[in-house]
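What follows is a set of notes on a single structure, which appears directly below.
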Amino acid sequence: MKRSPMKNLIIGHLKARLPIIQGGMGVGISLSGLSSAVANQGGIGVIAAAGIGMQEADAYTNFNGSNIRALKEQIRKARELTKGILGVNIMVALSNFSELVKAAIEEGIDIIFSGAGLPLNLPSFLNGSQKTKLVPIVSSGKAAKIISQKWLADFNYLPDAIVVEGPKAGGHLGFKLDQIDNDAYALENLIPSVISQLNPIEEATGKTIPVIAAGGIYTGQDILNIMRKGAAGVQMSTRFVPTVECDASEAFKNSYIKATKDDIGIIKSPVGMPGRAIINDFIMSSLEGKKKPFRCPYHCISTCEYKNSPYCIALALLNAKKGCLNNGFAFAGENAYRSTSIVPVKELIESLEKEYNDALSTEESKSLSSKS
């Protein structure tokens with residue numbers, strides 16, 4: 001296949017052939033299998049740290065230790081499978097956030113992506129390391145500005161890139177319910193807003209901060225459209241779930257393929273944020289007030305109101321990952337229903353490149369026609 005004219009994505013000293021980041025998906029959806037496959041195709045593969053140790057034998061008795069061990073093992077496994085660029089996604093809201101960040105840096109991970117809160121102290125963990133790049137995930141220009149100014153003032157460090165996640169994403173969303181369907185918060189409007197907030201900081205420091213778009217991007221045409229808005233690259237999660245290399249069960253992947261547009265909706269998560277998921281019987285029963293008995297041997301999310309929750313979200317997501325959707329559910333982006341089959345990552349990347357090429361050719365043809 002003819003390679004696309006997509007620009008490389010440069011984050012610090014790292015250069016990805018394609019401006020595509022595979023978003024981190026917990027619990028256990030994106031581990032070494034998926035991340036290494038994406039990295040091998042020229043994108044950036046990402047391991048999700050959330051709940052990564054829940055399948056360890058000592059997960060209930062040694063929460064912190066099991067998660068650190070599992071994270072290190074997954075990074076090492078991925079390294080054995082690829083020479084490409086690898087990242088980890090570590091949510092600020094995780095109760096063991098600092099320990100996981102330290103572990104990732106010790107393993108020499110290329111990039112740490114961090115959202116679900118403002119990672120205001122993230123550079124403090126580098127301890128002089130120049131290998132690991134730091135990329136916050138935000139949902140507004142204001143947040144991007146606050147983080148950048150704070151890091152610059154306290155650590156003389158600026159984000160190596162910033163991911164802007166819009167309201168069409170899957171999983172937990174950084175928006176209020178009334179903002180999710182408000183065009184003012186649409187990704188195509190957020191990107192220029194974030195760029196305008198960062199421009200003065202870039203001009204004052206002489207450093208470029210690439211802005212990466214996430215949330216609802218599904219096709220090569222989508223990639224071209226959002227890069228025309230100024231994005232340096234994209235982060236895609238939902239599109240990578242129905243792939244052979246995705247670390248979830250076949251049942252989890254098939255839930256995307258079987259879903260209709262009406263099956264995908266917004267739920268109120270026990271962690272206090274709205275989330276987008278595939279609505280199933282488990283979610284419906286919780287909405288009806290049927291409490292799922294559980295115990296919480298650890299408090300994995302700092303904002304989780306587990307004592308008042310109808311279910312444990314970590315266990316629900318783990319059950320879904322393993323294919324037990326009667327006792328869990330799948331987070332998914334707005335476009336998950338468009339999935340039709342499970343394909344290798346290589347085939348998916350090639351299709352995205354072709355879609356991008358076709359969209360670019362159409363755009364160029366229209367431009368020539370208008371000038372003639």
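Going through the structure tokens in order, the chains are called A, B, and so on, while each chain numbers its residues from 1 and the ligands are numbered from 1 in the order shown.
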
- Item | Residue set, segment 24-189 of chain A restricted to alpha helix (DSSP H), as a ChimeraX atom specification | /A:32-40,63-81,97-106,141-155,187-189

Once you count only C-alpha atoms, what closest atom pair and distance in Å to one decimal does each residue of segment 184-286 of chain A within 10 Å of segment 333-337 of chain A have, with rows by chain and rising residue number, as CSV?
```
residue,atom,partner,partner_atom,distance
A:Gly215,CA,A:Gly333,CA,7.2
A:Gly216,CA,A:Glu334,CA,6.2
A:Ile217,CA,A:Asn335,CA,8.3
A:Tyr218,CA,A:Asn335,CA,7.0
A:Met236,CA,A:Gly333,CA,9.5
A:Ser237,CA,A:Gly333,CA,7.8
A:Thr238,CA,A:Gly333,CA,5.6
A:Arg239,CA,A:Ala336,CA,7.3
A:Val241,CA,A:Ala336,CA,8.9
A:Pro242,CA,A:Ala336,CA,9.3
A:Ser255,CA,A:Tyr337,CA,9.0
A:Tyr256,CA,A:Ala336,CA,5.7
A:Ile257,CA,A:Tyr337,CA,6.4
A:Lys258,CA,A:Tyr337,CA,7.3
A:Ala259,CA,A:Tyr337,CA,5.0
A:Thr260,CA,A:Tyr337,CA,5.1
A:Lys261,CA,A:Tyr337,CA,5.4
A:Asp262,CA,A:Tyr337,CA,8.7
A:Asp263,CA,A:Tyr337,CA,8.1
A:Ile264,CA,A:Glu334,CA,6.7
A:Gly265,CA,A:Glu334,CA,8.0
A:Ile266,CA,A:Glu334,CA,9.7
A:Gly275,CA,A:Gly333,CA,9.5
A:Arg276,CA,A:Gly333,CA,6.5
A:Ala277,CA,A:Gly333,CA,7.2
A:Ile278,CA,A:Ala336,CA,8.6
```

- Identify, on the basis of only C-alpha atoms, every residue whose closest approach to segment 19-32 of chain A does not exceed 6 Å; exclude the query and any residue fewer than 5 positions from it along the same chain; express the result as a list in words.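 Selected residues are Asn8, Leu9, Gly43, Ile44, Gly45, Val46, Ile47, Ala48, Ala50, Gly51, Ile52, Gln74, Lys77, Ala78, Asn89, Gly233, Val234, Gln235, Met236, Ser237, Asp247, Ala248, Leu317 and Leu318 of chain A.
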
- Query: Could you pull the residues within 12 Å of Ile109 of chain A, counting only C-alpha atoms, minus those fewer than 5 positions along the same chain, as an MDAnalysis selection string?
  - Reply: chainID A and resid 14 44:47 71:72 74:76 78:79 83:89 100:104 126 129:134

- So, counting only C-alpha atoms, which residue among A:Leu173, A:Ile180, A:Ala214, A:Ala204 is closest to Leu152 of chain A? A:Ala204

- Task: Find the residues around Lys322 of chain A up to 12 Å (only C-alpha atoms counted), leave out those fewer than 2 positions away in its own chain, and share them as a PyMOL selection string.
- Result: chain A and resi 27-29+54-55+247-253+315-320+324-330

- Message: Taking 6 positions as the minimum chain separation for residues in the same chain, which residues sit within 8 Å of Gly42 of chain A when counting only C-alpha atoms? Answer as number ranges by chain.
- Response: A: 16-18, 84

Using N, CA and C atoms, can you export the residues from the last selection as a PDB file, in the first residue's frame?
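The result, stored in out-v9.pdb:
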```pdb
ATOM      1  N   ALA A  16       7.395   9.560  16.022  1.00  0.00           N
ATOM      2  CA  ALA A  16       6.555   8.467  15.556  1.00  0.00           C
ATOM      3  C   ALA A  16       6.286   8.651  14.064  1.00  0.00           C
ATOM      4  N   ARG A  17       6.357   7.570  13.308  1.00  0.00           N
ATOM      5  CA  ARG A  17       6.108   7.661  11.868  1.00  0.00           C
ATOM      6  C   ARG A  17       4.712   8.184  11.585  1.00  0.00           C
ATOM      7  N   LEU A  18       3.753   7.755  12.393  1.00  0.00           N
ATOM      8  CA  LEU A  18       2.366   8.189  12.216  1.00  0.00           C
ATOM      9  C   LEU A  18       1.925   9.046  13.397  1.00  0.00           C
ATOM     10  N   GLY A  84       9.422   0.141  18.950  1.00  0.00           N
ATOM     11  CA  GLY A  84       8.720   1.391  18.733  1.00  0.00           C
ATOM     12  C   GLY A  84       8.494   2.175  20.017  1.00  0.00           C
TER      13      GLY A  84
END
```

- Note on the structure: Min atom-atom distance to Ile226 of chain A from the set A:Glu188, A:Asp110, A:Glu363, A:Asp358, counting only C-alpha atoms, belongs to A:Glu188

- Message: Quick check, in Å to one decimal: how far apart do atom CA of Arg338 of chain A and atom CA of Ala169 of chain A lie?
- Response: 14.1 Å

- Message: Which residues are near Ser193 of chain A? Cut-off 8 Å, only C-alpha atoms, ignore same chain within fewer than 4 positions. Put them as a PyMOL selection string.
- Response: chain A and resi 140-141+189+197

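For the set A:Ser341, A:Ser286, A:Ser351, A:Asn64, the residue with the smallest atom-to-atom gap to Gln221 of chain A is A:Ser351, counting only C-alpha atoms.
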
- Item | Minimum-distance residue to Val38 of chain A, chosen among A:Glu364, A:Asp281, A:Glu245, A:Glu355 (using only C-alpha atoms) |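 With only C-alpha atoms as the atom set, the closest residue is A:Glu245.
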
- Item | Residue set, segment 30-161 of chain A restricted to strand (DSSP E), as a list in words | Ile44, Gly45, Val46, Ile47, Ala48, Ile85, Leu86, Gly87, Val88, Asn89, Ile111, Ile112, Phe113, Ser114, Lys133, Leu134, Val135, Pro136, Ile137 and Val138 of chain A

Write out, as a CSV table (one decimal), in the first residue's frame, the residues just selected, with N, CA and C atoms.
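Once written, result37.csv looks like this:
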```
chain,number,residue,atom,x,y,z
A,44,ILE,N,2.1,5.2,18.4
A,44,ILE,CA,2.5,5.2,19.8
A,44,ILE,C,1.5,4.3,20.6
A,45,GLY,N,2.1,3.2,21.1
A,45,GLY,CA,1.2,2.2,21.9
A,45,GLY,C,1.2,2.6,23.3
A,46,VAL,N,0.1,2.4,24.0
A,46,VAL,CA,-0.1,2.9,25.4
A,46,VAL,C,-0.7,1.8,26.3
A,47,ILE,N,0.0,1.5,27.4
A,47,ILE,CA,-0.4,0.6,28.4
A,47,ILE,C,-1.2,1.4,29.4
A,48,ALA,N,-2.4,0.9,29.8
A,48,ALA,CA,-3.2,1.5,30.9
A,48,ALA,C,-2.8,1.0,32.2
A,85,ILE,N,7.7,3.2,19.9
A,85,ILE,CA,7.4,4.1,21.0
A,85,ILE,C,6.3,3.6,21.9
A,86,LEU,N,6.6,3.5,23.2
A,86,LEU,CA,5.6,3.0,24.2
A,86,LEU,C,5.3,4.1,25.3
A,87,GLY,N,4.1,4.1,25.7
A,87,GLY,CA,3.7,5.0,26.7
A,87,GLY,C,2.8,4.3,27.8
A,88,VAL,N,2.6,4.9,28.9
A,88,VAL,CA,1.6,4.4,29.9
A,88,VAL,C,0.7,5.5,30.2
A,89,ASN,N,-0.6,5.1,30.5
A,89,ASN,CA,-1.6,6.1,30.9
A,89,ASN,C,-1.8,5.9,32.4
A,111,ILE,N,6.9,7.6,27.4
A,111,ILE,CA,5.9,8.7,27.6
A,111,ILE,C,5.0,8.3,28.8
A,112,ILE,N,4.7,9.3,29.6
A,112,ILE,CA,3.6,9.1,30.6
A,112,ILE,C,2.4,10.1,30.2
A,113,PHE,N,1.3,9.5,29.9
A,113,PHE,CA,0.1,10.3,29.7
A,113,PHE,C,-0.7,10.3,31.0
A,114,SER,N,-1.2,11.5,31.4
A,114,SER,CA,-1.9,11.5,32.7
A,114,SER,C,-3.0,12.5,32.6
A,133,LYS,N,9.0,11.3,28.6
A,133,LYS,CA,8.3,12.5,28.3
A,133,LYS,C,7.0,12.5,29.0
A,134,LEU,N,6.5,13.7,29.3
A,134,LEU,CA,5.3,13.9,30.1
A,134,LEU,C,4.2,14.6,29.3
A,135,VAL,N,3.0,14.0,29.2
A,135,VAL,CA,1.9,14.5,28.4
A,135,VAL,C,0.6,14.5,29.2
A,136,PRO,N,0.2,15.7,29.7
A,136,PRO,CA,-1.1,15.7,30.4
A,136,PRO,C,-2.3,15.5,29.4
A,137,ILE,N,-3.4,15.1,30.0
A,137,ILE,CA,-4.6,14.9,29.2
A,137,ILE,C,-5.6,15.9,29.8
A,138,VAL,N,-6.1,16.8,29.0
A,138,VAL,CA,-7.0,17.9,29.5
A,138,VAL,C,-8.3,17.9,28.7
```

- Note on the structure: Restricting to only C-alpha atoms, whichever of A:Val244, A:Val92, A:Val163, A:Leu120 is closest to Ile209 of chain A is A:Val163
